[in-house]
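Visitor: I am attaching a structure below and will ask some questions about it afterwards.
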Protein chains: 2
Amino acid sequence: MKTVLSAPRRAVRGRGEGAEARIVRSIGEAIADRRLPPGTKLAEESLAEVFGVSRERVRKVLLLLAQRRVVTLIPNRGAFVAKPTAREAREVFEARRVIERAVVEALERTPRPLPDEMSAKLRAHLAREEEADRAGDRMALIRLSGQFHQLLADFAGNATLAGILADLIDRSSLAIAAFERRSSHSCSANEHRRFVEALEAGPPGAAMQLMMEHLDEVERQLDLDARPDGAVDLKSIFADRT
Amino acid sequence: MKTVLSAPRRAVRGRGEGAEARIVRSIGEAIADRRLPPGTKLAEESLAEVFGVSRERVRKVLLLLAQRRVVTLIPNRGAFVAKPTAREAREVFEARRVIERAVVEALERTPRPLPDEMSAKLRAHLAREEEADRAGDRMALIRLSGQFHQLLADFAGNATLAGILADLIDRSSLAIAAFERRSSHSCSANEHRRFVEALEAGPPGAAMQLMMEHLDEVERQLDLDARPDGAVDLKSIFADRT
DNA sequence: CTGGTCCGTTTTGTGCACAATCTGCGGCAG
DNA sequence: CTGCCGCAGATTGTGCACAAAACGGACCAG
């Protein structure tokens with residue numbers, strides 16, 4: 001008699017091998033999309049209910065997200081969507097410039113014309129961005145904008161760097177959510193298209209130039225001198241009083 | 001009557017707020033020092049006993065280390081000291097070049113002469129490296145070598161980048177442990193001293209040049225064409241057989 | 001009205017017990 | 001002798017129960 005074949009047990013709500021990865025992605029996307037603004041409390045019980053898993057699984061997920069600095073864990077208080085400081089925001093953008101410079105350098109080293117697959121994926125992505133732009137779907141535009149940079153990093157061929165950049169992109173979203181000016185309307189789609197065109201047919205260095213300006217532009221649209229909502233730093237306000 | 005002041009409860013073995021951080025550091029250092037070579041099994045029960053904490057705390061620590069790619073978690077098999085592939089090793093060194101280039105650029109932008117504190121700390125560190133070198137204390141030399149790069153990153157003033165580099169340095173240690181040539185003797189102390197001298201008094205760009213050569217040299221001392229111990233890639237060996 | 005204390009409720013933290021899975025060894029059929 | 005099956009022991013995974021801590025409102029004194 002054979003041992004009972006272990007029946008595949010996937011259908012159960014929220015279980016299985018990749019359940020944690022799924023929840024991490026789900027929460028991560030919600031944060032990147034700004035559906036969960038910085039400072040939002042992430043109660044374990046609620047999340048467990050929403051995703052149909054046990055509380056300890058949620059706890060594990062929150063620990064992972066905290067490691068990526070996307071959520072902040074305060075002992076005995078719980079988990080909150082991270083609210084970066086102005087300093088941290090600047091550092092994140094600086095780090096992005098450092099890494100994306102290397103990404104673009106790698107891309108500029110690939111022989112022209114670009115491989116068909118790369119070119120096709122880039123153009124398909126641009127199309128989706130412009131589609132979202134026309135439709136006025138701001139949320140989709142934000143997500144796609146991040147994915148564009150991620151796509152470039154993937155093509156650069158260094159998975160380690162790409163992984164680091166992925167975190168930084170998520171944290172950029174957080175910084176933008178925390179410091180965005182009321183009036184700002186980043187037309188990333190446009191700048192992305194110009195970058196791809198420069199990469200495919202521009203003179204050497206043109207793509208790099210555009211990318212650096214693009215990143216500067218995104219950062220410049222933030223109001224990094226203002227304090228993030230409700231987090232007035234009393235210490236700095238009274239620092240020079242006697 | 002006031003509420004009872006919460007008595008400090010630190011003395012208990014392994015407990016308290018920072019217990020996990022302590023264990024993470026402890027295991028991290030052991031790995032960086034190569035006392036725990038790649039592939040070593042990290043059994044939960046044993047670690048719990050060693051550090052005098054419960055198994056679930058160890059479990060949490062292992063999850064954190066896994067996130068940093070310093071240990072590998074295999075479902076239902078346990079935790080092992082990570083054994084990087086040759087490709088991953090190359091990627092890590094590439095990523096280090098990218099980040100440390102930015103670090104050195106920042107350092108070269110600081111006005112000369114260097115601030116006293118920076119200069120003093122660098123020289124103190126060099127002294128310790130040379131001391132370890134003379135004493136033939138290879139383990140200390142390895143640890144100090146990593147700390148040197150960490151020190152530079154801290155001075156560069158971007159804590160985010162410094163944190164990313166910290167992970168990469170740990171992973172470099174793993175790569176070195178996995179791929180080091182028998183005969184290699186990296187005289188990092190020497191190269192570090194020359195770098196500091198160039199940074200303090202050399203012409204612009206000299207320090208950068210030395211740092212890039214130094215990183216290349218470290219990577220070149222690895223045998224990245226050999227397979228890591230015992231992990232023969234059967235697929236590639238039989239790839240061209242019919 | 002202000003400030004403070006107390007206490008019930010809610011939320012987070014931790015240990016424990018049990019379930020699931022893997023590993024190694026011994027026995028047995030061919 | 002070889003290969004396979006199955007069992008025993010050890011190790012990891014997960015849910016649960018309880019402990020600890022924080023929040024919020026009520027109450028009260030000044």
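Residue names in the structure tokens use chain letters A, B, ... in the order shown, residue numbers from 1 in each chain, and ligand numbers from 1 in the order shown.
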Please return as number ranges by chain: the residues of range 4-236 of chain B that backbone DSSP assigns to strand (DSSP E or B).

Guide: B: 41-42, 71-74, 78-81, 180, 222

Visitor: Keeping N, CA and C atoms, export the residues of the selection given above as a compact mmCIF listing (two decimals), in the first residue's frame.

Guide:
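To be explicit, this is the file written out as again.txt:
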```txt
# COMPACT_ATOMS: atom_id res chain seq x y z
N LYS B 41 25.19 24.90 8.96
CA LYS B 41 23.81 24.85 9.42
C LYS B 41 23.64 25.63 10.71
N LEU B 42 22.59 26.41 10.77
CA LEU B 42 22.31 27.17 11.99
C LEU B 42 21.03 26.63 12.62
N VAL B 71 22.11 34.80 5.64
CA VAL B 71 21.78 33.39 5.80
C VAL B 71 20.67 33.05 4.80
N THR B 72 20.61 31.76 4.49
CA THR B 72 19.60 31.26 3.56
C THR B 72 18.62 30.41 4.34
N LEU B 73 17.34 30.65 4.14
CA LEU B 73 16.31 29.88 4.82
C LEU B 73 15.71 28.88 3.84
N ILE B 74 15.83 27.60 4.13
CA ILE B 74 15.24 26.59 3.27
C ILE B 74 14.05 25.99 4.01
N GLY B 78 15.67 24.42 7.45
CA GLY B 78 16.38 25.25 8.41
C GLY B 78 17.20 26.36 7.79
N ALA B 79 18.05 26.96 8.61
CA ALA B 79 18.83 28.11 8.20
C ALA B 79 20.28 27.71 8.00
N PHE B 80 20.90 28.27 6.97
CA PHE B 80 22.31 28.00 6.69
C PHE B 80 23.03 29.31 6.40
N VAL B 81 24.29 29.35 6.75
CA VAL B 81 25.08 30.51 6.34
C VAL B 81 25.09 30.55 4.82
N GLU B 180 37.87 32.44 -1.90
CA GLU B 180 39.24 32.87 -1.71
C GLU B 180 40.22 31.84 -2.26
N LEU B 222 39.91 36.62 -5.75
CA LEU B 222 38.98 35.50 -5.66
C LEU B 222 39.07 34.64 -6.90
```

Visitor: For chain D, report every residue with an atom at most 9 Å from chain B (counting only C-alpha atoms (C1' of nucleotides)), formatted as a list of chain:residue names.

Guide: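 The complete set of qualifying residues is D:DT11, D:DT12, D:DG13.
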
Visitor: Residues of the last selection are to be written out with N, CA and C atoms (P, O5', C5', C4', C3', O3' and C1' of nucleotides), as a PDB file, in the first residue's frame.

Guide:
```
ATOM      1  P    DT D  11      18.045  17.788  16.246  1.00  0.00           P
ATOM      2  O5'  DT D  11      17.232  18.704  15.219  1.00  0.00           O
ATOM      3  C5'  DT D  11      17.321  18.454  13.825  1.00  0.00           C
ATOM      4  C4'  DT D  11      16.287  19.305  13.098  1.00  0.00           C
ATOM      5  C3'  DT D  11      16.075  20.697  13.703  1.00  0.00           C
ATOM      6  O3'  DT D  11      16.181  21.671  12.691  1.00  0.00           O
ATOM      7  C1'  DT D  11      14.004  19.587  13.412  1.00  0.00           C
ATOM      8  P    DT D  12      16.041  23.227  12.991  1.00  0.00           P
ATOM      9  O5'  DT D  12      14.683  23.566  12.222  1.00  0.00           O
ATOM     10  C5'  DT D  12      14.536  23.153  10.868  1.00  0.00           C
ATOM     11  C4'  DT D  12      13.085  23.229  10.449  1.00  0.00           C
ATOM     12  C3'  DT D  12      12.454  24.630  10.569  1.00  0.00           C
ATOM     13  O3'  DT D  12      11.699  24.894   9.401  1.00  0.00           O
ATOM     14  C1'  DT D  12      11.133  23.069  11.717  1.00  0.00           C
ATOM     15  P    DG D  13      10.945  26.274   9.164  1.00  0.00           P
ATOM     16  O5'  DG D  13       9.429  25.947   9.525  1.00  0.00           O
ATOM     17  C5'  DG D  13       8.673  25.153   8.622  1.00  0.00           C
ATOM     18  C4'  DG D  13       7.206  25.133   9.033  1.00  0.00           C
ATOM     19  C3'  DG D  13       6.554  26.513   9.214  1.00  0.00           C
ATOM     20  O3'  DG D  13       5.241  26.462   8.668  1.00  0.00           O
ATOM     21  C1'  DG D  13       6.359  25.284  11.211  1.00  0.00           C
TER      22       DG D  13
END
```

Visitor: Show me, as a VMD selection string, the residues of chain C whose atoms get within 10 Å of chain A, using only C-alpha atoms (C1' of nucleotides) for the distance check.

Guide: chain C and resid 11 to 13

Visitor: With N, CA and C atoms (P, O5', C5', C4', C3', O3' and C1' of nucleotides) retained, write the just-selected residues as an mmCIF file, in the first residue's frame.

Guide:
```cif
data_model
loop_
_atom_site.group_PDB
_atom_site.id
_atom_site.type_symbol
_atom_site.label_atom_id
_atom_site.label_comp_id
_atom_site.auth_asym_id
_atom_site.auth_seq_id
_atom_site.Cartn_x
_atom_site.Cartn_y
_atom_site.Cartn_z
ATOM 1 P P DT C 11 -8.179 46.721 18.987
ATOM 2 O "O5'" DT C 11 -6.620 46.542 19.230
ATOM 3 C "C5'" DT C 11 -5.812 47.688 19.504
ATOM 4 C "C4'" DT C 11 -4.404 47.240 19.840
ATOM 5 C "C3'" DT C 11 -3.845 46.167 18.892
ATOM 6 O "O3'" DT C 11 -2.619 46.614 18.348
ATOM 7 C "C1'" DT C 11 -3.529 45.540 21.152
ATOM 8 P P DT C 12 -1.741 45.761 17.362
ATOM 9 O "O5'" DT C 12 -0.521 45.311 18.296
ATOM 10 C "C5'" DT C 12 0.213 46.296 19.002
ATOM 11 C "C4'" DT C 12 1.124 45.652 20.018
ATOM 12 C "C3'" DT C 12 2.151 44.674 19.442
ATOM 13 O "O3'" DT C 12 3.400 44.922 20.062
ATOM 14 C "C1'" DT C 12 0.942 43.622 21.158
ATOM 15 P P DG C 13 4.702 44.109 19.611
ATOM 16 O "O5'" DG C 13 4.884 43.043 20.783
ATOM 17 C "C5'" DG C 13 5.301 43.493 22.056
ATOM 18 C "C4'" DG C 13 5.582 42.302 22.983
ATOM 19 C "C3'" DG C 13 6.554 41.256 22.411
ATOM 20 O "O3'" DG C 13 7.436 40.847 23.456
ATOM 21 C "C1'" DG C 13 4.520 40.216 22.967
#
```

Visitor: Enumerate, in order of chain and increasing residue number, the residues of chain A with an atom no farther than 8 Å from chain B, each with its shortest atom pair and distance in Å to one decimal, counting only C-alpha atoms, as JSON lines.

Guide:
```
{"residue": "A:Leu64", "atom": "CA", "partner": "B:Gln67", "partner_atom": "CA", "distance": 7.3}
{"residue": "A:Gln67", "atom": "CA", "partner": "B:Leu64", "partner_atom": "CA", "distance": 7.3}
{"residue": "A:Glu88", "atom": "CA", "partner": "B:Thr160", "partner_atom": "CA", "distance": 7.3}
{"residue": "A:Glu91", "atom": "CA", "partner": "B:Asn158", "partner_atom": "CA", "distance": 5.9}
{"residue": "A:Val92", "atom": "CA", "partner": "B:Thr160", "partner_atom": "CA", "distance": 6.6}
{"residue": "A:Ala95", "atom": "CA", "partner": "B:Leu161", "partner_atom": "CA", "distance": 6.0}
{"residue": "A:Val98", "atom": "CA", "partner": "B:Ala102", "partner_atom": "CA", "distance": 6.5}
{"residue": "A:Ile99", "atom": "CA", "partner": "B:Val98", "partner_atom": "CA", "distance": 6.7}
{"residue": "A:Ala102", "atom": "CA", "partner": "B:Val98", "partner_atom": "CA", "distance": 6.5}
{"residue": "A:Asn158", "atom": "CA", "partner": "B:Glu91", "partner_atom": "CA", "distance": 5.9}
{"residue": "A:Ala159", "atom": "CA", "partner": "B:Glu91", "partner_atom": "CA", "distance": 7.3}
{"residue": "A:Thr160", "atom": "CA", "partner": "B:Glu91", "partner_atom": "CA", "distance": 6.0}
{"residue": "A:Leu161", "atom": "CA", "partner": "B:Ala95", "partner_atom": "CA", "distance": 6.0}
{"residue": "A:Ile164", "atom": "CA", "partner": "B:Ile164", "partner_atom": "CA", "distance": 7.8}
```

Visitor: Based on the selection just made, write C-alpha atoms of those residues as a JSON list (two decimals), in the first residue's frame.

Guide:
```json
[["chain", "number", "residue", "atom", "x", "y", "z"],
["A", 64, "LEU", "CA", 9.98, 41.96, 6.72],
["A", 67, "GLN", "CA", 13.47, 45.60, 7.53],
["A", 88, "GLU", "CA", 15.95, 60.48, 4.96],
["A", 91, "GLU", "CA", 19.31, 60.45, 1.32],
["A", 92, "VAL", "CA", 17.02, 58.09, -0.55],
["A", 95, "ALA", "CA", 21.13, 56.88, -3.19],
["A", 98, "VAL", "CA", 24.08, 56.85, -7.28],
["A", 99, "ILE", "CA", 22.57, 53.55, -8.30],
["A", 102, "ALA", "CA", 25.37, 52.99, -12.67],
["A", 158, "ASN", "CA", 22.81, 43.17, -11.86],
["A", 159, "ALA", "CA", 20.06, 41.58, -9.79],
["A", 160, "THR", "CA", 21.69, 42.67, -6.55],
["A", 161, "LEU", "CA", 21.69, 46.32, -7.52],
["A", 164, "ILE", "CA", 18.52, 47.46, -3.69]]
```

Visitor: Report as a ChimeraX atom specification all protein, DNA and RNA residues lying within 12 Å of DA17 in chain D, evaluated on only C-alpha atoms (C1' of nucleotides), omitting residues in the same chain fewer than 4 positions from it.

Guide: /C:14-17

Visitor: Kindly export the residues of the current selection with N, CA and C atoms (P, O5', C5', C4', C3', O3' and C1' of nucleotides), as an mmCIF file, in the first residue's frame.

Guide:
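As a result, part-v6.cif now contains:
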```
data_model
loop_
_atom_site.group_PDB
_atom_site.id
_atom_site.type_symbol
_atom_site.label_atom_id
_atom_site.label_comp_id
_atom_site.auth_asym_id
_atom_site.auth_seq_id
_atom_site.Cartn_x
_atom_site.Cartn_y
_atom_site.Cartn_z
ATOM 1 P P DT C 14 8.711 39.956 23.135
ATOM 2 O "O5'" DT C 14 8.290 38.540 23.702
ATOM 3 C "C5'" DT C 14 7.733 38.471 25.015
ATOM 4 C "C4'" DT C 14 7.325 37.053 25.351
ATOM 5 C "C3'" DT C 14 8.238 35.952 24.785
ATOM 6 O "O3'" DT C 14 8.475 35.016 25.817
ATOM 7 C "C1'" DT C 14 5.999 35.518 24.226
ATOM 8 P P DG C 15 9.822 34.113 25.782
ATOM 9 O "O5'" DG C 15 9.275 32.730 26.369
ATOM 10 C "C5'" DG C 15 8.384 32.758 27.459
ATOM 11 C "C4'" DG C 15 7.362 31.646 27.328
ATOM 12 C "C3'" DG C 15 7.962 30.276 27.006
ATOM 13 O "O3'" DG C 15 7.471 29.328 27.943
ATOM 14 C "C1'" DG C 15 6.191 30.784 25.505
ATOM 15 P P DC C 16 8.126 27.866 28.024
ATOM 16 O "O5'" DC C 16 6.874 26.972 27.580
ATOM 17 C "C5'" DC C 16 5.549 27.434 27.854
ATOM 18 C "C4'" DC C 16 4.552 26.615 27.053
ATOM 19 C "C3'" DC C 16 5.045 25.204 26.713
ATOM 20 O "O3'" DC C 16 4.014 24.269 26.984
ATOM 21 C "C1'" DC C 16 4.359 26.317 24.747
ATOM 22 P P DA C 17 4.406 22.724 27.170
ATOM 23 O "O5'" DA C 17 3.273 22.050 26.284
ATOM 24 C "C5'" DA C 17 1.998 22.692 26.179
ATOM 25 C "C4'" DA C 17 1.360 22.328 24.854
ATOM 26 C "C3'" DA C 17 1.637 20.888 24.404
ATOM 27 O "O3'" DA C 17 0.433 20.308 23.934
ATOM 28 C "C1'" DA C 17 2.320 22.398 22.712
#
```

Visitor: Within 10 Å of DT10 in chain C, counting only C-alpha atoms (C1' of nucleotides), which residues qualify if same-chain residues fewer than 5 places away don't, as an MDAnalysis selection string?

Guide: chainID D and resid 22:24

Visitor: Just C-alpha atoms (C1' of nucleotides) for this one: save the residues we selected as a PDB file, in the first residue's frame.

Guide:
```pdb
ATOM      1  C1'  DA D  22      -0.653  51.037  25.992  1.00  0.00           C
ATOM      2  C1'  DC D  23      -4.838  53.693  24.952  1.00  0.00           C
ATOM      3  C1'  DG D  24      -8.953  56.133  26.221  1.00  0.00           C
TER       4       DG D  24
END
```
